[in-house]
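Dropping coords_15.csv in here (CSV, C-alpha atoms and all ligand atoms):
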```csv
chain,number,residue,atom,x,y,z
A,1,MET,CA,59.0,175.5,-26.1
A,2,PHE,CA,58.0,178.7,-27.9
A,3,PHE,CA,58.4,179.5,-31.6
A,4,PRO,CA,61.4,181.9,-31.4
A,5,SER,CA,63.4,179.4,-29.2
A,6,HIS,CA,62.5,176.5,-31.6
A,7,ILE,CA,63.9,178.4,-34.6
A,8,ALA,CA,66.9,179.6,-32.6
A,9,SER,CA,67.8,176.1,-31.5
A,10,GLY,CA,67.5,175.0,-35.2
A,11,PHE,CA,69.8,177.8,-36.2
A,12,ILE,CA,72.4,176.8,-33.6
A,13,LEU,CA,72.3,173.1,-34.7
A,14,GLY,CA,72.6,174.2,-38.4
A,15,ASN,CA,75.7,176.2,-37.5
A,16,LEU,CA,77.3,173.3,-35.6
A,17,LEU,CA,76.8,171.0,-38.6
A,18,LYS,CA,77.9,173.6,-41.2
A,19,LYS,CA,81.1,171.8,-42.3
A,20,SER,CA,79.4,168.5,-43.1
A,21,PRO,CA,79.1,167.6,-46.8
A,22,TRP,CA,75.5,166.5,-46.0
A,23,THR,CA,74.4,170.0,-45.0
A,24,VAL,CA,74.8,171.8,-48.3
A,25,TYR,CA,72.1,174.3,-49.4
A,26,PRO,CA,69.1,174.1,-48.8
A,27,PHE,CA,69.8,172.3,-45.6
A,28,MET,CA,69.7,175.4,-43.4
A,29,PRO,CA,66.4,176.9,-44.5
A,30,ILE,CA,64.8,173.4,-44.5
A,31,LEU,CA,66.2,172.8,-41.0
A,32,LEU,CA,64.7,176.1,-39.7
A,33,PHE,CA,61.4,175.3,-41.3
A,34,ALA,CA,61.4,171.8,-39.8
A,35,SER,CA,62.3,173.0,-36.4
A,36,LEU,CA,58.8,174.7,-36.3
A,37,LEU,CA,56.9,172.1,-38.4
A,38,PRO,CA,55.5,169.8,-35.6
A,39,ASP,CA,53.7,172.8,-34.1
A,40,VAL,CA,51.4,172.9,-37.2
A,41,ASP,CA,49.2,170.7,-35.1
A,42,GLY,CA,48.6,173.7,-32.7
A,43,LEU,CA,46.6,175.3,-35.4
A,44,PHE,CA,44.1,172.5,-35.2
A,45,SER,CA,43.8,172.2,-31.5
A,46,ASP,CA,41.6,173.9,-28.9
A,47,THR,CA,44.1,173.7,-26.1
A,48,VAL,CA,47.8,173.9,-25.4
A,49,ALA,CA,47.8,170.7,-23.5
A,50,GLY,CA,45.9,168.9,-26.2
A,51,HIS,CA,47.9,170.1,-29.2
A,52,HIS,CA,50.3,167.2,-29.6
A,53,THR,CA,49.3,164.9,-32.5
A,54,ILE,CA,51.3,162.4,-34.5
A,55,LEU,CA,53.5,165.4,-35.7
A,56,HIS,CA,54.9,165.3,-32.2
A,57,THR,CA,55.9,161.7,-32.3
A,58,PRO,CA,59.4,160.7,-33.5
A,59,ILE,CA,58.6,157.4,-35.2
A,60,PHE,CA,56.3,159.1,-37.7
A,61,TRP,CA,59.3,161.3,-38.8
A,62,ILE,CA,61.7,158.3,-38.8
A,63,ILE,CA,59.4,156.5,-41.2
A,64,LEU,CA,59.1,159.6,-43.4
A,65,PHE,CA,62.9,160.0,-43.4
A,66,GLY,CA,63.3,156.4,-44.4
A,67,VAL,CA,60.8,156.9,-47.3
A,68,MET,CA,62.7,160.0,-48.5
A,69,ILE,CA,66.1,158.2,-48.4
A,70,LEU,CA,64.6,155.4,-50.5
A,71,ILE,CA,63.3,157.9,-53.0
A,72,HIS,CA,66.8,159.5,-53.0
A,73,LYS,CA,68.5,156.2,-53.7
A,74,TRP,CA,65.9,155.4,-56.4
A,75,LEU,CA,65.7,158.8,-58.3
A,76,LYS,CA,69.3,159.9,-57.5
A,77,MET,CA,68.1,163.5,-56.8
A,78,ALA,CA,71.0,165.1,-55.0
A,79,ILE,CA,68.8,167.7,-53.4
A,80,LEU,CA,66.9,165.1,-51.5
A,81,GLN,CA,69.9,164.5,-49.3
A,82,PRO,CA,70.1,167.9,-47.6
A,83,VAL,CA,66.3,168.2,-47.7
A,84,SER,CA,65.5,164.9,-46.0
A,85,LEU,CA,68.3,165.4,-43.4
A,86,GLY,CA,67.1,169.0,-42.7
A,87,ILE,CA,63.5,167.8,-42.1
A,88,PHE,CA,64.6,164.9,-40.0
A,89,LEU,CA,67.0,166.8,-37.7
A,90,GLY,CA,64.8,169.8,-37.4
A,91,VAL,CA,61.7,167.9,-36.2
A,92,GLN,CA,63.7,165.6,-33.9
A,93,LEU,CA,65.4,168.7,-32.3
A,94,HIS,CA,61.9,170.1,-31.9
A,95,LEU,CA,60.7,167.0,-30.1
A,96,ILE,CA,63.8,166.8,-27.9
A,97,THR,CA,63.4,170.5,-26.8
A,98,ASP,CA,59.6,170.1,-26.3
A,99,TRP,CA,60.4,167.1,-24.1
A,100,ILE,CA,63.0,169.0,-22.1
A,101,THR,CA,60.8,172.1,-21.7
A,102,ALA,CA,57.4,170.3,-21.4
A,103,ARG,CA,55.0,172.2,-19.1
A,104,THR,CA,51.5,170.8,-19.9
A,105,VAL,CA,52.1,168.0,-22.4
A,106,GLY,CA,55.1,165.7,-23.0
A,107,ILE,CA,56.3,163.6,-25.9
A,108,GLN,CA,55.1,160.1,-26.7
A,109,TRP,CA,58.5,158.8,-27.7
A,110,LEU,CA,57.3,155.3,-28.5
A,111,TYR,CA,54.0,156.1,-30.2
A,112,PRO,CA,52.3,154.0,-31.8
A,113,PHE,CA,53.7,151.1,-29.7
A,114,ASN,CA,53.1,152.8,-26.4
A,115,GLU,CA,51.2,155.9,-25.6
A,116,THR,CA,53.1,156.9,-22.5
A,117,ASP,CA,53.7,160.7,-22.3
A,118,TYR,CA,57.3,161.5,-21.4
A,119,PHE,CA,58.6,164.7,-19.8
A,120,LEU,CA,61.6,165.8,-17.8
A,121,PHE,CA,59.9,168.0,-15.2
A,122,GLN,CA,56.4,167.2,-13.8
A,123,ILE,CA,53.8,168.6,-16.2
A,124,GLN,CA,50.6,170.3,-15.2
A,125,PRO,CA,48.0,169.7,-18.0
A,126,GLU,CA,45.4,171.6,-16.0
A,127,ASN,CA,47.3,174.8,-16.7
A,128,GLY,CA,47.2,174.2,-20.5
A,129,GLN,CA,43.5,174.4,-21.1
A,130,GLY,CA,43.6,177.7,-22.9
A,131,SER,CA,44.2,178.0,-26.7
A,132,VAL,CA,47.7,178.2,-28.2
A,133,TRP,CA,46.9,181.8,-29.1
A,134,GLU,CA,46.8,182.6,-25.4
A,135,MET,CA,50.2,181.2,-24.7
A,136,ILE,CA,52.0,184.5,-24.7
A,137,GLN,CA,49.4,186.0,-22.3
A,138,ASN,CA,48.8,185.5,-18.6
A,139,PRO,CA,47.9,183.3,-16.9
A,140,TYR,CA,49.7,180.8,-19.2
A,141,PHE,CA,52.9,182.9,-19.6
A,142,SER,CA,53.5,183.4,-15.9
A,143,PHE,CA,52.9,179.7,-15.3
A,144,TYR,CA,55.4,179.0,-18.1
A,145,MET,CA,57.9,181.3,-16.3
A,146,GLU,CA,57.5,179.4,-13.0
A,147,ASN,CA,60.2,177.0,-14.0
A,148,ALA,CA,62.9,179.6,-14.0
A,149,VAL,CA,65.7,177.3,-15.1
A,150,LEU,CA,63.8,176.2,-18.2
A,151,PHE,CA,62.5,179.7,-19.0
A,152,TRP,CA,66.0,181.3,-18.8
A,153,ALA,CA,67.6,178.4,-20.7
A,154,GLU,CA,65.1,179.2,-23.5
A,155,VAL,CA,66.0,182.8,-23.4
A,156,GLY,CA,69.7,181.8,-23.5
A,157,VAL,CA,69.1,179.7,-26.6
A,158,ILE,CA,67.7,182.8,-28.4
A,159,LEU,CA,70.6,185.0,-27.2
A,160,VAL,CA,73.2,182.4,-28.4
A,161,ALA,CA,71.5,182.2,-31.8
A,162,GLY,CA,71.4,186.0,-32.0
A,163,ALA,CA,75.1,186.2,-31.2
A,164,ILE,CA,76.0,183.7,-33.9
A,165,TYR,CA,73.8,185.5,-36.4
A,166,SER,CA,75.3,188.9,-35.5
A,167,LYS,CA,78.9,187.6,-35.7
A,168,GLN,CA,78.2,186.2,-39.2
A,169,ARG,CA,76.7,189.5,-40.4
A,170,PHE,CA,79.6,191.4,-38.9
A,171,ASN,CA,82.2,189.2,-40.5
A,172,LYS,CA,80.8,189.6,-44.0
B,1,ZN,ZN,56.0,171.5,-30.3
```

Could you quickly redo this structure as structure tokens?
Ligand SMILES: [Zn+2]
Amino acid sequence: MFFPSHIASGFILGNLLKKSPWTVYPFMPILLFASLLPDVDGLFSDTVAGHHTILHTPIFWIILFGVMILIHKWLKMAILQPVSLGIFLGVQLHLITDWITARTVGIQWLYPFNETDYFLFQIQPENGQGSVWEMIQNPYFSFYMENAVLFWAEVGVILVAGAIYSKQRFNK
């Protein structure tokens, strides 16, 4: 999934959870930040297909979330509650949407216990040998558009997020 659709899906999730007592400020900005966070590994990778590191594995983040909850219980810092939940939900949403929209690399759901790469539609790693900076250029972009259902679903996510955002601005 691309950057704008990751942040848009985070924004939609944040709005769905808006009424929860757990999602007080700064939950939303943290959630948006975390919905992009796993892709930091793209900065250190030569290829699109090779960019998934431990940041794209759920168990790493589950452990980090557990550690933050322990610190929260220990130090009783109220802010840690929305921050830890925002990070946890943002990154897991990123992994789920990367799994659904996988084109050249999937998600290792069970890493480090098992290194199987999971994906919903058959991936084609041979098409992901360019750098992440070439993702919005052809040939990668037209390859990405080949799965029209996934491509337009991604556009749809951005449009829904844009509609929610505009409605909120309009209602102010
Ligand atoms: Zn990713």

As a PyMOL selection string, please: every protein or nucleic acid residue near ligand ZN 1 (chain B) (cut-off 9 Å, counting only C-alpha atoms and all ligand atoms). chain A and resi 1-3+6+35-42+51-52+55-56+91+94-95+97-99

Can you tell me, as a short mmCIF file (atom, residue, chain, number, x, y, z; two decimals) with C-alpha atoms, in the frame of the given file, what residues are no more than 12 Å from Ile69 in chain A when counting all atoms listed in the file, ignoring any on the same chain fewer than 6 positions away?
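File produced: selection-v1.cif:
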```
data_model
loop_
_atom_site.label_atom_id
_atom_site.label_comp_id
_atom_site.auth_asym_id
_atom_site.auth_seq_id
_atom_site.Cartn_x
_atom_site.Cartn_y
_atom_site.Cartn_z
CA ILE A 62 61.70 158.30 -38.80
CA ILE A 63 59.40 156.50 -41.20
CA LEU A 75 65.70 158.80 -58.30
CA LYS A 76 69.30 159.90 -57.50
CA MET A 77 68.10 163.50 -56.80
CA ALA A 78 71.00 165.10 -55.00
CA ILE A 79 68.80 167.70 -53.40
CA LEU A 80 66.90 165.10 -51.50
CA GLN A 81 69.90 164.50 -49.30
CA PRO A 82 70.10 167.90 -47.60
CA VAL A 83 66.30 168.20 -47.70
CA SER A 84 65.50 164.90 -46.00
CA LEU A 85 68.30 165.40 -43.40
CA ILE A 87 63.50 167.80 -42.10
CA PHE A 88 64.60 164.90 -40.00
#
```

Write out as a tab-separated table a residue-level contact list of range 36-82 of chain A versus range 129-152 of chain A with cut-off 9 Å: for each qualifying residue the closest pair of atoms and the distance in Å to one decimal, counting only C-alpha atoms, rows sorted by chain and residue number upward.
```
residue	atom	partner	partner_atom	distance
A:Gly42	CA	A:Val132	CA	6.4
A:Leu43	CA	A:Val132	CA	7.8
A:Ser45	CA	A:Ser131	CA	7.5
A:Asp46	CA	A:Ser131	CA	5.3
A:Thr47	CA	A:Ser131	CA	4.3
A:Val48	CA	A:Val132	CA	5.1
A:Ala49	CA	A:Gln129	CA	6.2
A:Gly50	CA	A:Gln129	CA	7.9
A:His51	CA	A:Val132	CA	8.2
```

I need the chosen residues saved as a PDB file, in the coordinates of the input, with C-alpha atoms.
```
ATOM      1  CA  GLY A  42      48.600 173.700 -32.700  1.00  0.00           C
ATOM      2  CA  LEU A  43      46.600 175.300 -35.400  1.00  0.00           C
ATOM      3  CA  SER A  45      43.800 172.200 -31.500  1.00  0.00           C
ATOM      4  CA  ASP A  46      41.600 173.900 -28.900  1.00  0.00           C
ATOM      5  CA  THR A  47      44.100 173.700 -26.100  1.00  0.00           C
ATOM      6  CA  VAL A  48      47.800 173.900 -25.400  1.00  0.00           C
ATOM      7  CA  ALA A  49      47.800 170.700 -23.500  1.00  0.00           C
ATOM      8  CA  GLY A  50      45.900 168.900 -26.200  1.00  0.00           C
ATOM      9  CA  HIS A  51      47.900 170.100 -29.200  1.00  0.00           C
TER      10      HIS A  51
END
```

Nearest to Pro112 in chain A, restricted to all atoms listed in the file and choosing among A:Pro58, A:Pro21, A:Gly86, A:Gly14, comes out as A:Pro58

Out of A:Ile96, A:Leu31, A:Ile107, A:Ile123, which residue has the shortest atom-to-atom distance to Lys18 in chain A when counting all atoms listed in the file? A:Leu31

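Closest approach to Arg103 in chain A among A:Glu115, A:Trp61, A:Ser5, A:Phe121: A:Phe121, based on all atoms listed in the file.
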
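Counting all atoms listed in the file and comparing A:Gly162, A:Pro125, A:Gly66, A:Pro26, the residue that lies closest to Ser9 in chain A is A:Gly162.
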
What is the CA of Ile164 in chain A to CA of Phe11 in chain A distance in Å? 8.9 Å

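Across the model, the gap from CA of Ile7 in chain A to CA of Ile30 in chain A is 11.1 Å.
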
Can you tell me how far CA of Thr53 in chain A sits from CA of Val67 in chain A, in Å to one decimal?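 A separation of 20.4 Å between them.
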
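Closest approach to Phe33 in chain A among A:Leu16, A:Leu93, A:Ile59, A:Val155 is made by A:Leu93 (distances from only C-alpha atoms).
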
For a quick check of understanding, using all atoms listed in the file, which of A:Gln124, A:Asn15, A:Gln168, A:Thr57 has the smallest distance to Gln92 in chain A? A:Thr57
